[in-house]
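Colleague: One file: input.cif (mmCIF, C-alpha atoms).
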data_final
loop_
_atom_site.label_atom_id
_atom_site.label_comp_id
_atom_site.auth_asym_id
_atom_site.auth_seq_id
_atom_site.Cartn_x
_atom_site.Cartn_y
_atom_site.Cartn_z
CA MET O 159 97.48 -7.81 -93.12
CA PRO O 160 95.77 -11.01 -94.30
CA MET O 161 98.92 -12.99 -93.43
CA GLN O 162 99.13 -11.32 -90.01
CA ARG O 163 95.49 -12.14 -89.30
CA LEU O 164 96.17 -15.76 -90.30
CA ILE O 165 99.14 -15.94 -87.91
CA ASP O 166 97.13 -14.33 -85.12
CA SER O 167 94.26 -16.78 -85.67
CA ARG O 168 96.59 -19.79 -85.59
CA GLN O 169 98.27 -18.63 -82.39
CA ILE O 170 94.98 -17.86 -80.66
CA LEU O 171 93.60 -21.26 -81.70
CA HIS O 172 96.76 -22.94 -80.39
CA ILE O 173 96.48 -21.25 -76.98
CA LEU O 174 92.74 -21.94 -76.78
CA THR O 175 93.37 -25.61 -77.57
CA LEU O 176 95.95 -25.91 -74.79
CA PHE O 177 93.59 -24.11 -72.39
CA LEU O 178 90.68 -26.44 -73.19
CA ILE O 179 92.92 -29.51 -72.90
CA VAL O 180 93.81 -28.44 -69.35
CA GLN O 181 90.17 -27.77 -68.42
CA PHE O 182 88.57 -30.95 -69.81
CA ALA O 183 91.49 -33.24 -68.98
CA GLY O 184 91.44 -31.73 -65.48
CA ILE O 185 87.73 -32.51 -65.14
CA LEU O 186 88.47 -36.08 -66.21
CA VAL O 187 91.27 -36.45 -63.64
CA ALA O 188 88.99 -34.90 -60.99
CA PHE O 189 86.34 -37.51 -61.84
CA MET O 190 88.92 -40.21 -61.19
CA ASN O 191 89.39 -38.76 -57.71
CA TYR O 192 85.76 -37.93 -56.93
CA SER O 193 84.70 -41.46 -57.90
CA THR O 194 86.74 -42.82 -54.98
CA ILE O 195 85.30 -40.36 -52.41
CA PRO O 196 81.81 -41.02 -50.98
CA VAL O 197 79.50 -38.00 -51.37
CA ALA O 198 78.98 -37.83 -47.62
CA GLU O 199 82.73 -37.40 -47.10
CA LEU O 200 83.37 -34.72 -49.74
CA THR O 201 83.26 -31.86 -47.23
CA ASN O 202 86.00 -33.59 -45.24
CA THR O 203 88.35 -33.19 -48.21
CA GLN O 204 87.98 -29.40 -48.18
CA ILE O 205 90.95 -27.70 -46.56
CA ALA O 206 89.92 -24.18 -47.60
CA SER O 207 86.37 -22.94 -47.11
CA SER O 208 86.70 -19.60 -45.29
CA PRO O 209 88.06 -16.17 -46.33
CA ILE O 210 90.94 -16.60 -43.86
CA ASP O 211 91.97 -19.87 -45.51
CA ILE O 212 91.81 -18.23 -48.95
CA LEU O 213 93.85 -15.21 -47.82
CA ALA O 214 96.51 -17.61 -46.55
CA TYR O 215 96.75 -19.21 -50.00
CA ILE O 216 96.90 -15.79 -51.65
CA GLY O 217 99.67 -14.78 -49.25
CA TRP O 218 101.76 -17.80 -50.21
CA ILE O 219 101.25 -17.11 -53.91
CA VAL O 220 102.29 -13.47 -53.53
CA LEU O 221 105.36 -14.44 -51.49
CA PHE O 222 106.38 -17.01 -54.09
CA ALA O 223 105.98 -14.44 -56.88
CA ILE O 224 108.08 -11.90 -54.95
CA PHE O 225 110.71 -14.57 -54.30
CA LEU O 226 110.90 -15.39 -58.03
CA VAL O 227 111.20 -11.71 -59.00
CA ILE O 228 114.02 -11.11 -56.49
CA PHE O 229 115.65 -14.40 -57.47
CA SER O 230 115.57 -13.46 -61.18
CA LYS O 231 117.27 -10.13 -60.43
CA ILE O 232 120.00 -11.62 -58.25
CA TYR O 233 120.67 -15.03 -59.75
CA LYS O 234 121.99 -15.18 -63.32
CA GLY O 235 122.86 -18.87 -63.47
CA LYS O 236 120.91 -21.83 -64.86
CA TRP O 237 120.60 -24.64 -62.33
CA GLY O 238 118.66 -22.65 -59.76
CA TYR O 239 115.83 -22.22 -62.26
CA VAL O 240 116.07 -25.86 -63.32
CA ILE O 241 115.61 -26.97 -59.70
CA ILE O 242 112.61 -24.67 -59.05
CA GLU O 243 110.93 -25.63 -62.30
CA GLY O 244 111.71 -29.31 -61.85
CA PHE O 245 110.22 -29.40 -58.35
CA ALA O 246 107.01 -27.70 -59.52
CA ILE O 247 106.58 -30.00 -62.54
CA ALA O 248 107.39 -33.17 -60.61
CA VAL O 249 104.94 -32.44 -57.75
CA ALA O 250 102.03 -31.35 -59.96
CA SER O 251 102.43 -34.09 -62.58
CA PHE O 252 102.98 -36.71 -59.83
CA PHE O 253 99.41 -36.11 -58.67
CA VAL O 254 98.07 -36.43 -62.23
CA PHE O 255 99.91 -39.72 -62.82
CA LEU O 256 98.86 -41.06 -59.40
CA SER O 257 95.20 -40.21 -60.07
CA ILE O 258 95.24 -42.01 -63.43
CA LEU O 259 97.07 -45.09 -62.17
CA GLY O 260 94.92 -45.27 -59.03
CA TYR O 261 91.73 -45.18 -61.08
CA PHE O 262 92.74 -47.88 -63.57
CA PHE O 263 94.54 -50.08 -61.02
CA PRO O 264 92.48 -49.70 -57.82
CA ASN O 265 93.73 -52.97 -56.33
CA ALA O 266 97.42 -52.35 -56.99
CA ASP O 267 99.88 -51.86 -54.15
CA ALA O 268 99.73 -48.21 -53.01
CA ASN O 269 103.50 -47.91 -52.55
CA LEU O 270 104.07 -49.25 -56.06
CA LEU O 271 101.67 -46.67 -57.54
CA LEU O 272 103.41 -43.91 -55.59
CA ALA O 273 106.81 -45.04 -56.84
CA ILE O 274 105.68 -45.27 -60.49
CA SER O 275 103.98 -41.85 -60.31
CA LEU O 276 107.09 -40.27 -58.81
CA PHE O 277 109.25 -41.90 -61.48
CA LEU O 278 106.99 -40.56 -64.25
CA GLY O 279 107.03 -37.06 -62.73
CA ILE O 280 110.83 -37.02 -62.54
CA SER O 281 111.05 -38.48 -66.07
CA LEU O 282 108.89 -35.62 -67.35
CA VAL O 283 111.29 -33.11 -65.77
CA ALA O 284 114.30 -34.87 -67.34
CA ALA O 285 112.58 -35.05 -70.75
CA LYS O 286 111.68 -31.34 -70.67
CA ASN O 287 115.29 -30.39 -69.85
CA LYS O 288 116.51 -32.62 -72.67
CA MET O 289 113.88 -31.40 -75.16
CA PRO O 290 112.92 -27.74 -74.48
CA ASN O 291 110.01 -27.98 -76.92
CA LEU O 292 108.20 -30.06 -74.27
CA ARG O 293 107.64 -26.87 -72.25
CA ASN O 294 103.96 -26.64 -73.20
CA THR O 295 103.39 -30.32 -72.38
CA ALA O 296 104.98 -29.93 -68.94
CA ALA O 297 103.02 -26.74 -68.28
CA VAL O 298 99.73 -28.39 -69.29
CA LEU O 299 100.29 -31.37 -66.96
CA SER O 300 101.32 -29.02 -64.14
CA GLY O 301 98.20 -26.89 -64.67
CA ILE O 302 96.01 -30.00 -64.50
CA GLY O 303 97.68 -31.19 -61.31
CA ILE O 304 97.44 -27.88 -59.44
CA GLY O 305 93.88 -27.24 -60.65
CA VAL O 306 92.62 -30.64 -59.53
CA ILE O 307 94.42 -30.63 -56.16
CA LEU O 308 93.02 -27.23 -55.17
CA GLY O 309 89.65 -27.81 -56.85
CA ILE O 310 88.95 -30.88 -54.76
CA SER O 311 90.18 -29.10 -51.64
CA PHE O 312 88.06 -25.95 -52.09
CA SER O 313 84.31 -25.50 -51.78
CA PHE O 314 82.77 -23.71 -54.78
CA GLY O 315 82.31 -20.50 -52.80
CA ALA O 316 85.91 -20.63 -51.58
CA ALA O 317 87.18 -21.28 -55.13
CA MET O 318 85.24 -18.28 -56.48
CA LEU O 319 86.56 -16.08 -53.67
CA PHE O 320 90.08 -17.36 -54.31
CA MET O 321 89.83 -16.48 -58.02
CA LEU O 322 88.34 -13.07 -57.20
CA PHE O 323 91.31 -12.20 -54.99
CA ILE O 324 93.71 -13.48 -57.65
CA ALA O 325 91.93 -11.34 -60.27
CA PHE O 326 92.56 -8.13 -58.31
CA TYR O 327 96.12 -9.23 -57.53
CA ASP O 328 96.65 -9.84 -61.25
CA TYR O 329 95.50 -6.29 -62.06
CA ILE O 330 97.91 -4.82 -59.51
CA ALA O 331 100.82 -7.07 -60.54
CA VAL O 332 100.48 -6.14 -64.24
CA PHE O 333 99.24 -2.54 -64.24
CA VAL O 334 100.62 -1.10 -60.97
CA THR O 335 103.74 -2.84 -59.64
CA LYS O 336 104.39 -4.51 -63.03
CA HIS O 337 106.35 -7.27 -61.27
CA MET O 338 104.29 -9.90 -63.11
CA ILE O 339 105.69 -8.59 -66.41
CA THR O 340 109.23 -8.83 -65.01
CA LEU O 341 108.52 -12.37 -63.85
CA ALA O 342 106.97 -13.38 -67.19
CA ASN O 343 110.02 -12.07 -69.07
CA ALA O 344 112.37 -14.01 -66.79
CA VAL O 345 110.34 -17.21 -67.19
CA SER O 346 109.93 -16.81 -70.96
CA SER O 347 113.59 -16.06 -71.65
CA ARG O 348 114.58 -19.25 -69.84
CA ASN O 349 111.84 -21.36 -71.46
CA LEU O 350 110.46 -22.43 -68.06
CA ALA O 351 107.25 -24.46 -67.92
CA PHE O 352 105.39 -21.83 -65.87
CA LEU O 353 103.57 -20.72 -69.01
CA VAL O 354 102.48 -21.97 -72.42
CA GLY O 355 103.20 -20.15 -75.64
CA SER O 356 102.71 -20.05 -79.37
CA SER O 357 105.38 -18.41 -81.54
CA GLU O 358 105.65 -17.71 -85.27
CA VAL O 359 107.83 -15.48 -87.42
CA ARG O 360 106.03 -12.86 -89.50
CA ALA O 361 107.39 -10.53 -92.19
CA VAL O 362 106.92 -6.80 -91.55
CA ASN O 363 107.44 -4.05 -94.13
CA LYS O 364 110.29 -1.70 -93.22
CA SER O 365 108.02 1.29 -93.81
CA SER O 366 105.86 0.20 -90.87
CA LEU O 367 108.91 0.46 -88.57
CA GLU O 368 109.64 4.14 -89.25
CA GLY O 369 109.36 5.05 -85.57
CA THR O 370 111.97 2.47 -84.61
CA ASN O 371 115.51 3.52 -83.73
CA LYS O 372 117.43 3.16 -87.04
CA LYS O 373 120.64 2.01 -85.38
CA GLU O 374 118.84 -0.70 -83.39
CA LEU O 375 116.91 -1.81 -86.48
CA LYS O 376 120.13 -2.06 -88.51
CA GLU O 377 121.79 -4.11 -85.76
CA TYR O 378 118.75 -6.38 -85.54
CA ILE O 379 118.72 -7.02 -89.31
CA GLY O 380 122.47 -7.70 -89.18
CA LYS O 381 121.92 -10.38 -86.51
CA VAL O 382 119.09 -11.95 -88.51
CA LYS O 383 121.28 -12.11 -91.64
CA LYS O 384 123.82 -14.18 -89.71
CA ILE O 385 121.17 -16.82 -89.01
CA ASP O 386 121.60 -19.72 -91.44
CA ASN O 387 117.95 -19.80 -92.47
CA PRO O 388 117.01 -19.42 -96.18
CA ILE O 389 113.48 -18.22 -95.35
CA MET O 390 114.82 -15.43 -93.12
CA LYS O 391 117.31 -14.36 -95.81
CA LYS O 392 114.62 -14.34 -98.49
CA VAL O 393 112.39 -12.15 -96.32
CA ILE O 394 115.20 -9.61 -95.90
CA GLU O 395 116.02 -9.66 -99.64
CA GLN O 396 112.39 -8.72 -100.34
CA GLY O 397 112.78 -5.59 -98.19
CA MET O 398 110.88 -7.05 -95.25
CA VAL O 399 111.91 -7.53 -91.63
CA PRO O 400 111.25 -10.88 -89.87
CA ILE O 401 109.59 -10.31 -86.48
CA VAL O 402 108.66 -12.97 -83.93
CA SER O 403 104.92 -12.99 -83.19
CA GLN O 404 104.22 -14.58 -79.81
CA ILE O 405 101.32 -15.23 -77.44
CA GLN O 406 101.92 -16.60 -73.95
CA LEU O 407 99.60 -17.65 -71.15
CA GLY O 408 100.70 -18.17 -67.56
CA GLY O 409 100.35 -21.47 -65.75
CA GLY O 410 98.03 -19.82 -63.24
CA ASP O 411 95.75 -18.75 -66.10
CA LEU O 412 95.45 -22.44 -66.98
CA GLY O 413 95.08 -23.89 -63.49
CA ILE O 414 92.98 -21.36 -61.56
CA PRO O 415 89.86 -21.59 -63.79
CA LEU O 416 90.17 -25.37 -63.41
CA VAL O 417 90.12 -24.96 -59.61
CA VAL O 418 86.69 -23.33 -59.90
CA ALA O 419 85.44 -25.84 -62.49
CA VAL O 420 86.48 -28.83 -60.37
CA SER O 421 84.96 -27.36 -57.19
CA ALA O 422 81.69 -26.70 -59.07
CA TYR O 423 81.11 -30.47 -59.15
CA GLN O 424 80.17 -30.26 -55.48
CA LEU O 425 77.16 -28.01 -56.19
CA GLN O 426 74.99 -30.85 -57.53
CA PHE O 427 77.50 -33.72 -57.61
CA ASN O 428 77.62 -33.69 -61.40
CA TYR O 429 79.66 -31.78 -63.97
CA PHE O 430 77.00 -29.48 -65.41
CA PHE O 431 78.25 -26.40 -63.57
CA SER O 432 81.86 -27.47 -64.21
CA VAL O 433 81.21 -27.31 -67.96
CA VAL O 434 79.43 -23.96 -67.48
CA CYS O 435 82.57 -22.63 -65.74
CA ILE O 436 84.75 -23.81 -68.63
CA ILE O 437 82.47 -22.15 -71.20
CA GLY O 438 82.56 -18.86 -69.26
CA ALA O 439 86.35 -19.01 -68.81
CA THR O 440 86.84 -19.72 -72.52
CA ALA O 441 84.78 -16.64 -73.42
CA GLY O 442 86.96 -14.60 -71.05
CA LEU O 443 90.13 -15.99 -72.63
CA VAL O 444 88.93 -15.13 -76.15
CA ALA O 445 88.32 -11.54 -74.96
CA THR O 446 91.82 -11.46 -73.45
CA MET O 447 93.39 -12.62 -76.71
CA TYR O 448 91.49 -9.96 -78.64
CA PHE O 449 92.76 -7.16 -76.38
CA LEU O 450 96.25 -8.68 -76.34
CA LYS O 451 96.47 -8.46 -80.13
CA ARG O 452 94.73 -5.06 -80.14
CA PHE O 453 97.15 -3.37 -77.73
CA GLU O 454 100.20 -5.64 -78.18
CA ARG O 455 101.26 -5.49 -74.55
CA PRO O 456 101.07 -7.80 -71.50
CA LEU O 457 97.59 -8.05 -69.98
CA PRO O 458 96.21 -9.81 -66.88
CA ALA O 459 94.18 -12.86 -67.94
CA ILE O 460 92.59 -13.91 -64.64
CA PRO O 461 90.13 -10.94 -64.41
CA PRO O 462 88.37 -11.63 -67.74
CA LEU O 463 88.45 -15.37 -67.02
CA PHE O 464 86.75 -14.73 -63.66
CA SER O 465 84.25 -12.37 -65.31
CA GLY O 466 83.31 -15.01 -67.86
CA ILE O 467 82.85 -17.67 -65.17
CA SER O 468 80.76 -15.34 -62.96
CA VAL O 469 78.38 -14.35 -65.75
CA ALA O 470 78.08 -17.92 -67.06
CA VAL O 471 77.39 -19.42 -63.62
CA GLY O 472 74.96 -16.60 -62.76
CA ILE O 473 72.97 -17.26 -65.94
CA ALA O 474 73.06 -21.03 -65.29
CA PHE O 475 71.75 -20.46 -61.75
CA LEU O 476 68.84 -18.43 -63.16
CA ALA O 477 68.11 -20.98 -65.91
CA THR O 478 68.12 -24.02 -63.63
CA GLY O 479 66.64 -22.40 -60.53
CA TYR O 480 69.50 -23.89 -58.50
CA SER O 481 70.24 -20.73 -56.53
CA ASP O 482 68.19 -17.76 -55.35
CA LEU O 483 67.70 -14.70 -57.54
CA GLU O 484 69.99 -12.49 -55.42
CA SER O 485 72.98 -14.85 -55.74
CA SER O 486 72.50 -15.22 -59.50
CA VAL O 487 72.22 -11.48 -60.10
CA ALA O 488 75.16 -10.78 -57.77
CA LEU O 489 77.41 -13.10 -59.77
CA ILE O 490 76.39 -11.52 -63.07
CA VAL O 491 76.85 -7.97 -61.75
CA LEU O 492 80.23 -8.89 -60.24
CA GLY O 493 81.42 -10.42 -63.49
CA LEU O 494 80.27 -7.44 -65.58
CA SER O 495 81.81 -4.97 -63.11
CA ILE O 496 85.21 -6.65 -63.31
CA THR O 497 84.89 -6.75 -67.10
CA LEU O 498 84.25 -3.00 -67.26
CA LEU O 499 87.10 -2.30 -64.83
CA GLY O 500 89.42 -4.46 -66.91
CA MET O 501 88.45 -2.73 -70.14
CA TYR O 502 88.99 0.68 -68.55
CA LEU O 503 92.44 -0.20 -67.21
CA THR O 504 93.42 -1.83 -70.51
CA LEU O 505 92.37 1.24 -72.52
CA ARG O 506 94.17 3.59 -70.14
CA SER O 507 97.27 1.42 -70.30
CA GLY O 508 97.10 1.44 -74.11
CA GLU O 509 96.79 5.24 -74.14
CA ARG O 510 99.83 5.65 -71.87
CA ASN O 511 101.85 3.33 -74.11
CA ALA O 512 100.83 5.31 -77.20
CA LYS O 513 101.93 8.59 -75.56
CA LYS O 514 105.30 7.14 -74.63
CA THR O 515 105.85 5.91 -78.19
CA ALA O 516 104.82 9.23 -79.77
#
Translate the structure described by the file into structure tokens.

Modeller:
Amino acid sequence: MPMQRLIDSRQILHILTLFLIVQFAGILVAFMNYSTIPVAELTNTQIASSPIDILAYIGWIVLFAIFLVIFSKIYKGKWGYVIIEGFAIAVASFFVFLSILGYFFPNADANLLLAISLFLGISLVAAKNKMPNLRNTAAVLSGIGIGVILGISFSFGAAMLFMLFIAFYDYIAVFVTKHMITLANAVSSRNLAFLVGSSEVRAVNKSSLEGTNKKELKEYIGKVKKIDNPIMKKVIEQGMVPIVSQIQLGGGDLGIPLVVAVSAYQLQFNYFFSVVCIIGATAGLVATMYFLKRFERPLPAIPPLFSGISVAVGIAFLATGYSDLESSVALIVLGLSITLLGMYLTLRSGERNAKKTA
């Protein structure tokens, strides 16, 4: 147990670190863009500020998810996934590279900056395909790019509404239709940069696997023995079974909180509320990790992230007097309501899993 807790702590810390890198690096990239836009013209950059606009974005996201699920069931090759992943990485990272180069070289030729940014984006795709362990790096840069692009384009209210819709969609996709689990398995098995992960091998006592099918367990141990790894062999010789311990977080779970944090800059044209959003989202992520390890099954991360942001921003509104009392209380109540709903669904899901195993 102490070793397992150590592994869990390391993995959670790893995921939290990647999450915070996306959030704070995203804020920095957003600053590079906001610094070139006069305050009076900020509203002209917003392409989504009404519920209809947000629903259109949600529709595209749902359609893309459905496409990927169907694609994963039909297509069993490799290059189709490489092309989809490569396009997503190249486009998102292109914007990150262009923002950085444009900030540090404001007088450089625009076409030259575009060409260099595109080259760097394509190079990142090629490097990830050559070195699969760059998956997390590619996913982090993609999360920053998507978060900043949408964050600058959305008003704060639109960004909150967008994340609220995504939160309910996430519940449905994981607990009802379960297509998000299917999609996550397809992405994970192919090491695609649509999520970040932390993996370690832990030793489990055979006695703790009594409920496992004996034939399957024997076959699994036989496969592990064939692996030319002295640590694995030593674990088996000691009567233990090596099991992979893994935590994964979707690219949307990285980028969507950043959308809200970046858009929060427009509330007072500083980053106070952006940092508040990050603090709230981090609290929500910690809660997600706790429940993930507690129930050991896939869970939707966006709802607790949104809950954390809502409560944090509501409290900040009250503390600073920025917004009226009704808006502040409404945000806090909304965040707590989604938290309670998430806990209820998680507990029910855990109970159903336990009954199936029994």

Colleague: Please evaluate the PyMOL selection byres ((chain O and resi 457) around 12) against the displayed coordinates and give the resulting residues as a PyMOL selection string.

Modeller: chain O and resi 325+328-334+336+338-339+342+405-408+411+443+445-456+458-462+500-501+503-505+507-508

Colleague: Near segment 299-302 of chain O, counting all atoms listed in the file, which residues have an atom at most 8 Å away, once you skip same-chain residues fewer than 4 positions from it, shown as a list in words?

Modeller: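 Counting all atoms listed in the file, the residues come to Val180, Gln181, Ala183, Gly184, Ala246, Ile247, Ala250, Ser251, Val254, Thr295, Val306, Gly409, Gly410, Leu412, Gly413 and Leu416 of chain O.
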
Colleague: Just the residues within 12 Å of Leu425 of chain O, please, counting only C-alpha atoms, with nothing from its chain fewer than 2 positions along; format it as a list in words.

Modeller: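 Once the nearby chain positions are removed, what remains is Val197, Leu200, Thr201, Phe312, Ser313, Phe314, Gly315, Val418, Ala419, Val420, Ser421, Ala422, Tyr423, Phe427, Asn428, Tyr429, Phe430, Phe431, Ser432, Val471, Phe475, Tyr480 and Ser481 of chain O.
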
Colleague: Could you tell me how far atom CA of Ala285 of chain O sits from atom CA of Val187 of chain O, in Å to one decimal place?

Modeller: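 The value is 22.5 Å.
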
Colleague: Just to confirm, what's the straight-line distance from atom CA of Ser346 of chain O to atom CA of Leu292 of chain O in Å (one decimal)?

Modeller: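 Separating atom CA of Ser346 of chain O from atom CA of Leu292 of chain O is a distance of 13.8 Å.
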
Colleague: Which residues match the PyMOL selection byres ((chain O and resi 316) around 10) in the file above, as a list in words?

Modeller: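 Here the PyMOL selection byres ((chain O and resi 316) around 10) matches Gln204, Ala206, Ser207, Ser208, Pro209, Asp211, Ile212, Gly309, Ser311, Phe312, Ser313, Phe314, Gly315, Ala317, Met318, Leu319, Phe320, Met321, Leu322, Val418 and Ser421 of chain O.
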
Colleague: Expressed in Å to a single decimal, how great is the separation between atom CA of Leu221 of chain O and atom CA of Phe326 of chain O?

Modeller: 15.8 Å

Colleague: Please evaluate the PyMOL selection byres ((chain O and resi 169-173) around 8) against the displayed coordinates and give the resulting residues as a ChimeraX atom specification.

Modeller: /O:165-168,174-177,354-358,404-407,447

Colleague: Considering all atoms listed in the file, can you say which of O:Val487, O:Ile242, O:Asn343, O:Gly493 comes closest to Phe222 of chain O?

Modeller: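 Closest candidate: O:Ile242.
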
Colleague: Skipping near chain neighbours, those fewer than 6 positions away, what residues fall within 12 Å of Ala284 of chain O using all atoms listed in the file, listed as JSON, numbers by chain?

Modeller: {"O": [240, 241, 243, 244, 245, 247, 248, 277, 278, 290, 292, 293, 296]}

Colleague: Could you write out the selected residues, including C-alpha atoms, as an mmCIF file, in the coordinates of the input?

Modeller:
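Final output, saved to result.cif:
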data_model
loop_
_atom_site.group_PDB
_atom_site.id
_atom_site.type_symbol
_atom_site.label_atom_id
_atom_site.label_comp_id
_atom_site.auth_asym_id
_atom_site.auth_seq_id
_atom_site.Cartn_x
_atom_site.Cartn_y
_atom_site.Cartn_z
ATOM 1 C CA VAL O 240 116.070 -25.860 -63.320
ATOM 2 C CA ILE O 241 115.610 -26.970 -59.700
ATOM 3 C CA GLU O 243 110.930 -25.630 -62.300
ATOM 4 C CA GLY O 244 111.710 -29.310 -61.850
ATOM 5 C CA PHE O 245 110.220 -29.400 -58.350
ATOM 6 C CA ILE O 247 106.580 -30.000 -62.540
ATOM 7 C CA ALA O 248 107.390 -33.170 -60.610
ATOM 8 C CA PHE O 277 109.250 -41.900 -61.480
ATOM 9 C CA LEU O 278 106.990 -40.560 -64.250
ATOM 10 C CA PRO O 290 112.920 -27.740 -74.480
ATOM 11 C CA LEU O 292 108.200 -30.060 -74.270
ATOM 12 C CA ARG O 293 107.640 -26.870 -72.250
ATOM 13 C CA ALA O 296 104.980 -29.930 -68.940
#

Colleague: Calculated over only C-alpha atoms, which of the candidates O:Val345, O:Val298, O:Leu483, O:Leu270 has the smallest distance to Leu226 of chain O?

Modeller: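 Nearest candidate to Leu226 of chain O out of O:Val345, O:Val298, O:Leu483, O:Leu270: O:Val345.
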
Colleague: Which of these residues is nearest to Lys231 of chain O, using only C-alpha atoms: O:Asn294, O:Thr340, O:Asn287, O:Asn191?

Modeller: O:Thr340
